[in-house]
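Note: the block below is model_37.cif and it holds mmCIF, C-alpha atoms.
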data_run
#
loop_
_atom_site.group_PDB
_atom_site.id
_atom_site.type_symbol
_atom_site.label_atom_id
_atom_site.label_comp_id
_atom_site.auth_asym_id
_atom_site.auth_seq_id
_atom_site.Cartn_x
_atom_site.Cartn_y
_atom_site.Cartn_z
ATOM 1 C CA MET A 1 7.558 -24.559 -5.371
ATOM 2 C CA GLN A 2 5.631 -23.179 -2.387
ATOM 3 C CA ILE A 3 2.344 -24.768 -1.324
ATOM 4 C CA ASP A 4 0.279 -21.668 -2.227
ATOM 5 C CA ASP A 5 1.888 -21.577 -5.660
ATOM 6 C CA LEU A 6 1.381 -25.314 -6.186
ATOM 7 C CA ASN A 7 -2.291 -25.202 -5.177
ATOM 8 C CA SER A 8 -2.932 -22.172 -7.365
ATOM 9 C CA GLN A 9 -1.160 -23.751 -10.332
ATOM 10 C CA ASN A 10 -3.076 -27.018 -9.918
ATOM 11 C CA SER A 11 -6.367 -25.120 -9.788
ATOM 12 C CA LEU A 12 -5.417 -23.178 -12.908
ATOM 13 C CA ASN A 13 -4.334 -26.298 -14.814
ATOM 14 C CA LYS A 14 -7.507 -28.230 -13.970
ATOM 15 C CA ALA A 15 -9.790 -25.371 -15.015
ATOM 16 C CA GLN A 16 -8.029 -24.476 -18.254
ATOM 17 C CA ILE A 17 -9.992 -25.074 -21.436
ATOM 18 C CA LEU A 18 -7.941 -22.691 -23.539
ATOM 19 C CA SER A 19 -4.174 -22.816 -23.873
ATOM 20 C CA TYR A 20 -2.090 -19.651 -23.751
ATOM 21 C CA GLU A 21 -1.557 -19.955 -27.508
ATOM 22 C CA GLU A 22 -5.308 -20.211 -28.142
ATOM 23 C CA ILE A 23 -6.000 -17.184 -25.942
ATOM 24 C CA GLU A 24 -3.419 -15.149 -27.847
ATOM 25 C CA LYS A 25 -5.182 -15.829 -31.155
ATOM 26 C CA PHE A 26 -8.316 -13.948 -30.072
ATOM 27 C CA PRO A 27 -8.610 -10.217 -30.891
ATOM 28 C CA LYS A 28 -7.931 -7.943 -27.930
ATOM 29 C CA SER A 29 -11.508 -6.660 -28.225
ATOM 30 C CA PHE A 30 -12.642 -10.159 -27.171
ATOM 31 C CA TYR A 31 -10.536 -9.792 -24.012
ATOM 32 C CA THR A 32 -12.156 -6.522 -22.953
ATOM 33 C CA HIS A 33 -15.709 -7.659 -23.710
ATOM 34 C CA ALA A 34 -15.322 -11.054 -22.006
ATOM 35 C CA GLU A 35 -13.782 -9.369 -18.959
ATOM 36 C CA ALA A 36 -16.552 -6.742 -18.881
ATOM 37 C CA ILE A 37 -19.237 -9.445 -18.898
ATOM 38 C CA PHE A 38 -17.368 -11.300 -16.135
ATOM 39 C CA HIS A 39 -17.138 -8.149 -13.994
ATOM 40 C CA LEU A 40 -20.788 -7.226 -14.572
ATOM 41 C CA LYS A 41 -21.735 -10.692 -13.350
ATOM 42 C CA GLU A 42 -19.451 -10.310 -10.313
ATOM 43 C CA VAL A 43 -21.119 -7.080 -9.194
ATOM 44 C CA GLY A 44 -24.654 -8.256 -9.977
ATOM 45 C CA ILE A 45 -25.483 -5.942 -12.892
ATOM 46 C CA GLU A 46 -27.763 -7.320 -15.618
ATOM 47 C CA ILE A 47 -25.634 -8.346 -18.573
ATOM 48 C CA LYS A 48 -27.151 -6.479 -21.497
ATOM 49 C CA GLN A 49 -25.256 -5.078 -24.475
ATOM 50 C CA THR A 50 -26.111 -1.579 -23.243
ATOM 51 C CA ARG A 51 -24.495 -2.307 -19.878
ATOM 52 C CA VAL A 52 -21.368 -3.687 -21.550
ATOM 53 C CA ALA A 53 -21.169 -0.521 -23.683
ATOM 54 C CA GLU A 54 -21.466 1.667 -20.577
ATOM 55 C CA TRP A 55 -18.843 -0.388 -18.745
ATOM 56 C CA LEU A 56 -16.360 -0.100 -21.613
ATOM 57 C CA SER A 57 -17.316 3.487 -22.552
ATOM 58 C CA VAL A 58 -17.908 2.498 -26.172
ATOM 59 C CA SER A 59 -20.929 2.654 -28.456
ATOM 60 C CA ARG A 60 -23.744 0.107 -28.371
ATOM 61 C CA ALA A 61 -23.077 -0.571 -32.078
ATOM 62 C CA ASN A 62 -19.445 -1.418 -31.315
ATOM 63 C CA VAL A 63 -20.471 -3.886 -28.616
ATOM 64 C CA SER A 64 -23.057 -5.482 -30.901
ATOM 65 C CA GLN A 65 -20.426 -6.068 -33.563
ATOM 66 C CA VAL A 66 -17.865 -7.579 -31.171
ATOM 67 C CA VAL A 67 -20.490 -9.714 -29.389
ATOM 68 C CA GLY A 68 -21.617 -11.123 -32.744
ATOM 69 C CA ARG A 69 -18.054 -12.141 -33.586
ATOM 70 C CA MET A 70 -17.609 -13.660 -30.116
ATOM 71 C CA GLN A 71 -20.776 -15.673 -30.596
ATOM 72 C CA ASN A 72 -19.444 -16.995 -33.913
ATOM 73 C CA SER A 73 -16.234 -17.978 -32.084
ATOM 74 C CA GLY A 74 -18.165 -19.936 -29.454
ATOM 75 C CA LEU A 75 -17.501 -17.533 -26.575
ATOM 76 C CA ILE A 76 -20.996 -16.122 -26.028
ATOM 77 C CA GLU A 77 -24.490 -17.564 -26.125
ATOM 78 C CA PHE A 78 -27.594 -15.413 -26.306
ATOM 79 C CA SER A 79 -30.434 -15.634 -23.827
ATOM 80 C CA ASP A 80 -32.315 -12.809 -22.112
ATOM 81 C CA ASP A 81 -28.897 -11.597 -20.985
ATOM 82 C CA LEU A 82 -25.491 -12.065 -22.567
ATOM 83 C CA LYS A 83 -23.901 -15.234 -21.248
ATOM 84 C CA LEU A 84 -20.369 -16.509 -21.628
ATOM 85 C CA THR A 85 -19.984 -20.098 -22.744
ATOM 86 C CA GLU A 86 -17.613 -22.347 -20.814
ATOM 87 C CA THR A 87 -14.854 -21.331 -23.223
ATOM 88 C CA GLY A 88 -15.796 -17.657 -22.925
ATOM 89 C CA GLU A 89 -15.758 -17.908 -19.131
ATOM 90 C CA CYS A 90 -12.274 -19.411 -19.293
ATOM 91 C CA LEU A 91 -11.079 -16.502 -21.443
ATOM 92 C CA ALA A 92 -12.672 -13.933 -19.113
ATOM 93 C CA MET A 93 -11.193 -15.498 -15.982
ATOM 94 C CA ASN A 94 -7.720 -15.661 -17.508
ATOM 95 C CA ILE A 95 -7.820 -11.985 -18.473
ATOM 96 C CA SER A 96 -9.240 -11.004 -15.074
ATOM 97 C CA ARG A 97 -6.513 -13.072 -13.408
ATOM 98 C CA ARG A 98 -3.845 -11.219 -15.393
ATOM 99 C CA HIS A 99 -5.524 -7.916 -14.523
ATOM 100 C CA ARG A 100 -5.547 -8.425 -10.778
ATOM 101 C CA ILE A 101 -2.036 -9.844 -10.593
ATOM 102 C CA THR A 102 -0.777 -6.884 -12.628
ATOM 103 C CA GLU A 103 -2.652 -4.435 -10.372
ATOM 104 C CA ARG A 104 -0.802 -5.879 -7.405
ATOM 105 C CA PHE A 105 2.539 -5.687 -9.174
ATOM 106 C CA LEU A 106 2.122 -2.114 -10.395
ATOM 107 C CA SER A 107 0.869 -0.802 -7.066
ATOM 108 C CA GLU A 108 3.062 -2.784 -4.661
ATOM 109 C CA VAL A 109 6.305 -3.357 -6.578
ATOM 110 C CA LEU A 110 6.422 -0.362 -8.929
ATOM 111 C CA ASN A 111 4.574 1.874 -6.446
ATOM 112 C CA LEU A 112 2.279 3.428 -9.035
ATOM 113 C CA PRO A 113 -0.531 5.483 -7.450
ATOM 114 C CA TRP A 114 -3.893 3.759 -7.479
ATOM 115 C CA ASP A 115 -5.482 6.306 -9.794
ATOM 116 C CA GLN A 116 -2.992 5.230 -12.508
ATOM 117 C CA VAL A 117 -3.002 1.505 -11.846
ATOM 118 C CA TYR A 118 -6.331 0.633 -13.504
ATOM 119 C CA GLU A 119 -5.548 2.283 -16.846
ATOM 120 C CA GLU A 120 -1.988 0.969 -16.966
ATOM 121 C CA THR A 121 -3.119 -2.536 -16.050
ATOM 122 C CA SER A 122 -5.483 -2.579 -19.037
ATOM 123 C CA ARG A 123 -2.415 -2.353 -21.262
ATOM 124 C CA TRP A 124 -0.325 -4.963 -19.443
ATOM 125 C CA GLU A 125 -3.061 -7.592 -19.203
ATOM 126 C CA ASN A 126 -3.136 -7.967 -23.004
ATOM 127 C CA VAL A 127 0.473 -9.133 -23.223
ATOM 128 C CA LEU A 128 1.194 -10.904 -19.925
ATOM 129 C CA SER A 129 2.704 -14.354 -20.520
ATOM 130 C CA PRO A 130 2.425 -17.337 -18.129
ATOM 131 C CA ILE A 131 6.155 -17.046 -17.354
ATOM 132 C CA THR A 132 5.863 -13.380 -16.359
ATOM 133 C CA GLU A 133 2.642 -14.073 -14.457
ATOM 134 C CA LYS A 134 4.339 -16.762 -12.351
ATOM 135 C CA ALA A 135 7.319 -14.494 -11.668
ATOM 136 C CA MET A 136 4.998 -11.686 -10.530
ATOM 137 C CA LEU A 137 3.071 -14.033 -8.234
ATOM 138 C CA LYS A 138 6.288 -15.303 -6.648
ATOM 139 C CA MET A 139 7.530 -11.751 -6.037
ATOM 140 C CA LEU A 140 4.176 -10.758 -4.553
ATOM 141 C CA GLY A 141 3.973 -13.795 -2.240
ATOM 142 C CA TYR A 142 1.101 -15.531 -4.072
ATOM 143 C CA PRO A 143 -1.813 -13.196 -3.185
ATOM 144 C CA LYS A 144 -5.385 -14.399 -3.618
ATOM 145 C CA THR A 145 -6.891 -10.986 -4.357
ATOM 146 C CA GLY A 146 -6.026 -7.853 -6.275
ATOM 147 C CA PRO A 147 -5.148 -4.706 -4.298
ATOM 148 C CA PHE A 148 -8.840 -3.745 -4.182
ATOM 149 C CA GLY A 149 -9.815 -7.062 -2.576
ATOM 150 C CA ASN A 150 -11.340 -8.702 -5.643
ATOM 151 C CA PRO A 151 -10.491 -12.435 -5.981
ATOM 152 C CA ILE A 152 -7.789 -13.512 -8.405
ATOM 153 C CA PRO A 153 -9.372 -16.316 -10.486
ATOM 154 C CA TYR A 154 -7.871 -19.784 -9.933
ATOM 155 C CA SER A 155 -6.106 -18.674 -6.733
ATOM 156 C CA ASN A 156 -8.197 -20.894 -4.395
ATOM 157 C CA TYR A 157 -9.662 -17.764 -2.805
ATOM 158 C CA GLN A 158 -12.103 -18.487 0.030
ATOM 159 C CA GLU A 159 -15.070 -16.112 0.008
ATOM 160 C CA LYS A 160 -15.649 -14.240 3.255
ATOM 161 C CA ASN A 161 -19.001 -13.310 4.752
ATOM 162 C CA MET A 162 -19.024 -9.662 3.647
ATOM 163 C CA VAL A 163 -21.731 -6.983 3.595
ATOM 164 C CA SER A 164 -21.816 -3.645 1.828
ATOM 165 C CA LEU A 165 -21.522 -0.418 3.815
ATOM 166 C CA LEU A 166 -25.118 0.227 2.848
ATOM 167 C CA ASN A 167 -26.244 -2.609 5.120
ATOM 168 C CA VAL A 168 -24.131 -2.230 8.272
ATOM 169 C CA GLU A 169 -25.165 -1.061 11.714
ATOM 170 C CA SER A 170 -24.208 2.373 13.022
ATOM 171 C CA ASN A 171 -21.641 2.895 15.785
ATOM 172 C CA LYS A 172 -19.800 -0.336 15.077
ATOM 173 C CA THR A 173 -16.298 -0.934 13.727
ATOM 174 C CA TYR A 174 -15.706 -2.934 10.548
ATOM 175 C CA SER A 175 -12.795 -3.837 8.283
ATOM 176 C CA ILE A 176 -12.828 -2.996 4.572
ATOM 177 C CA GLU A 177 -12.358 -6.144 2.483
ATOM 178 C CA LYS A 178 -13.271 -5.266 -1.101
ATOM 179 C CA ILE A 179 -14.006 -2.374 -3.476
ATOM 180 C CA THR A 180 -15.938 -3.418 -6.576
ATOM 181 C CA GLU A 181 -14.717 -2.966 -10.127
ATOM 182 C CA GLU A 182 -17.292 -0.222 -10.727
ATOM 183 C CA LEU A 183 -15.527 2.202 -8.398
ATOM 184 C CA LYS A 184 -12.095 1.264 -9.712
ATOM 185 C CA LYS A 185 -12.938 2.434 -13.228
ATOM 186 C CA ASP A 186 -13.052 6.114 -12.212
ATOM 187 C CA SER A 187 -9.594 7.543 -11.405
ATOM 188 C CA SER A 188 -11.069 10.479 -9.478
ATOM 189 C CA MET A 189 -13.093 8.025 -7.376
ATOM 190 C CA ILE A 190 -9.988 5.973 -6.657
ATOM 191 C CA ASP A 191 -8.160 9.146 -5.634
ATOM 192 C CA PHE A 192 -11.027 9.982 -3.252
ATOM 193 C CA LEU A 193 -11.020 6.496 -1.721
ATOM 194 C CA GLN A 194 -7.256 6.463 -1.252
ATOM 195 C CA THR A 195 -7.141 9.999 0.165
ATOM 196 C CA HIS A 196 -9.749 9.014 2.754
ATOM 197 C CA GLU A 197 -8.095 5.624 3.435
ATOM 198 C CA MET A 198 -11.120 3.713 2.173
ATOM 199 C CA VAL A 199 -8.945 0.789 1.136
ATOM 200 C CA PRO A 200 -8.851 -2.922 1.995
ATOM 201 C CA GLY A 201 -7.422 -3.457 5.463
ATOM 202 C CA SER A 202 -8.646 -0.130 6.868
ATOM 203 C CA THR A 203 -10.998 -0.057 9.835
ATOM 204 C CA ILE A 204 -14.194 1.899 9.386
ATOM 205 C CA ASN A 205 -16.865 3.220 11.728
ATOM 206 C CA VAL A 206 -20.324 4.225 10.537
ATOM 207 C CA ALA A 207 -21.730 7.144 12.523
ATOM 208 C CA ASP A 208 -25.107 7.448 10.831
ATOM 209 C CA ALA A 209 -26.906 6.721 7.589
ATOM 210 C CA GLY A 210 -29.429 9.021 5.943
ATOM 211 C CA ASP A 211 -31.541 8.665 2.841
ATOM 212 C CA TYR A 212 -28.804 10.006 0.583
ATOM 213 C CA SER A 213 -25.482 9.866 2.446
ATOM 214 C CA ILE A 214 -23.594 7.977 5.132
ATOM 215 C CA THR A 215 -21.166 9.494 7.637
ATOM 216 C CA ILE A 216 -18.093 7.379 8.303
ATOM 217 C CA SER A 217 -14.575 7.484 9.744
ATOM 218 C CA THR A 218 -11.612 5.370 8.608
ATOM 219 C CA ASN A 219 -8.688 4.394 10.834
ATOM 220 C CA LYS A 220 -9.987 6.752 13.569
ATOM 221 C CA ASN A 221 -9.577 9.827 11.333
ATOM 222 C CA ASP A 222 -12.109 12.656 10.976
ATOM 223 C CA TYR A 223 -15.618 11.784 9.854
ATOM 224 C CA PHE A 224 -16.696 12.437 6.269
ATOM 225 C CA GLY A 225 -19.692 11.664 4.092
ATOM 226 C CA ILE A 226 -20.143 9.250 1.189
ATOM 227 C CA ASP A 227 -23.204 8.714 -0.978
ATOM 228 C CA GLN A 228 -25.134 5.481 -1.246
ATOM 229 C CA PHE A 229 -23.611 4.648 -4.652
ATOM 230 C CA ILE A 230 -20.187 4.323 -3.015
ATOM 231 C CA ALA A 231 -21.500 2.639 0.142
ATOM 232 C CA LYS A 232 -23.197 -0.102 -1.885
ATOM 233 C CA ARG A 233 -19.887 -0.954 -3.584
ATOM 234 C CA VAL A 234 -17.565 -1.095 -0.569
ATOM 235 C CA PHE A 235 -17.698 -4.413 1.288
ATOM 236 C CA VAL A 236 -16.695 -4.995 4.896
ATOM 237 C CA THR A 237 -16.509 -7.669 7.561
#

Any chance you could put this one into structure tokens?
Amino acid sequence: MQIDDLNSQNSLNKAQILSYEEIEKFPKSFYTHAEAIFHLKEVGIEIKQTRVAEWLSVSRANVSQVVGRMQNSGLIEFSDDLKLTETGECLAMNISRRHRITERFLSEVLNLPWDQVYEETSRWENVLSPITEKAMLKMLGYPKTGPFGNPIPYSNYQEKNMVSLLNVESNKTYSIEKITEELKKDSSMIDFLQTHEMVPGSTINVADAGDYSITISTNKNDYFGIDQFIAKRVFVT
């Protein structure tokens, strides 16, 4: 077993509260809601039932029903915001881990276009077993992030000192490190980002920033404009 694999596996084993068998007993709706809460927390959005409904593109009533069942199962506790319990956090991180490993596999091994990866991954993450997960990681070379730069839980990822494009200086060159989950959810947005090479690993130069848009160039290509919504959700070093 390689060192990266061993360290990742040790981290996963130490943090596990739920076994694979216990995770599989939960309804798949618990997976999506736990993962949504986890992602909302990651990107700094207040964790209200309305926000979860918007994230999942379902009704507020549907979220309320699922959240109530998750609370009865010991996965969520209520405060001003929704909050995952320690067990709920473990579930969310396991599903997010599956999601980001699968994203890598579908995009890098099966060569699916990015605008199809997110939707297809949402199907695979519900059935991925530990055996298949380990085989994928070995084939991929034990990455610590998904293809969009978001950390794979339990991978011993070391956070970098990143800033959003909204807060960089003009006429300087940066490297794209991460695109948040918000932008990934929209296939047309992903197509735009990929077409313009706004992907992790690309270099980027900011020409100027106005009140509503920012003019940038990636990999020394022609300049183009992005709005502040996108700029706030693309992180660079």

Would you compute the distance between atom CA of Thr87 of chain A and atom CA of Gly141 of chain A? Give it in Å to one decimal.
29.2 Å

Nearest candidate to Glu54 of chain A (options A:Leu82, A:Val206, A:His33, A:Leu128; using all atoms listed in the file)
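Of all the options, A:His33 lies closest to Glu54 of chain A.
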
Using all atoms listed in the file, which of the listed residues (A:Trp55, A:Leu18, A:Leu137, A:Thr102) sits closest to Val43 of chain A?
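Between A:Trp55, A:Leu18, A:Leu137, A:Thr102, the residue approaching Val43 of chain A most closely is A:Trp55.
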
Find the distance between atom CA of Lys232 of chain A and atom CA of Ser175 of chain A and write it in Å to one decimal.
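Atom CA of Ser175 of chain A lies at a distance of 15.0 Å from atom CA of Lys232 of chain A.
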
Pick the closest to Glu42 of chain A from A:Met93, A:Leu112, A:Val66, A:Ile226: which is it, counting only C-alpha atoms?
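Of all the options, A:Met93 lies closest to Glu42 of chain A.
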
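Closest approach to Gly146 of chain A from the set A:Ser202, A:Thr237, A:Ser96, A:Ser188 is made by A:Ser96, with distances taken over all atoms listed in the file.
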
Between A:Ile17, A:Glu108, A:Lys144, A:Thr180, which one has atoms that come closest to Leu40 of chain A, using all atoms listed in the file?
A:Thr180

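For the structure shown here, the set of residues caught by the PyMOL selection byres ((chain A and resi 160-172) around 6) is Glu159, Thr173, Asn205, Val206, Ala207, Asp208, Ala231, Lys232, Val234, Phe235, Val236 and Thr237 of chain A.
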
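Each of A:Thr145, A:Asp115, A:Lys138, A:Glu181 was compared to Ile37 of chain A using only C-alpha atoms, and A:Glu181 turns out to be the nearest.
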
Picked residues, the PyMOL selection byres ((chain A and resi 84) around 12), expected as a count of residues only:
33

Kindly give the distance, in Å, that separates atom CA of Tyr142 of chain A and atom CA of Ile204 of chain A, rounded to a single decimal.
26.8 Å

Mind working out the centre and edge lengths of an axis-aligned box for segment 99-102 of chain A, all listed atoms inside, 3 Å added to each side, rounded to one decimal in Å and written as AutoDock Vina command-line options?
--center_x -3.2 --center_y -8.4 --center_z -12.6 --size_x 10.8 --size_y 9.0 --size_z 9.9

Specify as a count of residues only each residue included when the PyMOL selection byres ((chain A and resi 147) around 8) is applied to this file.
10
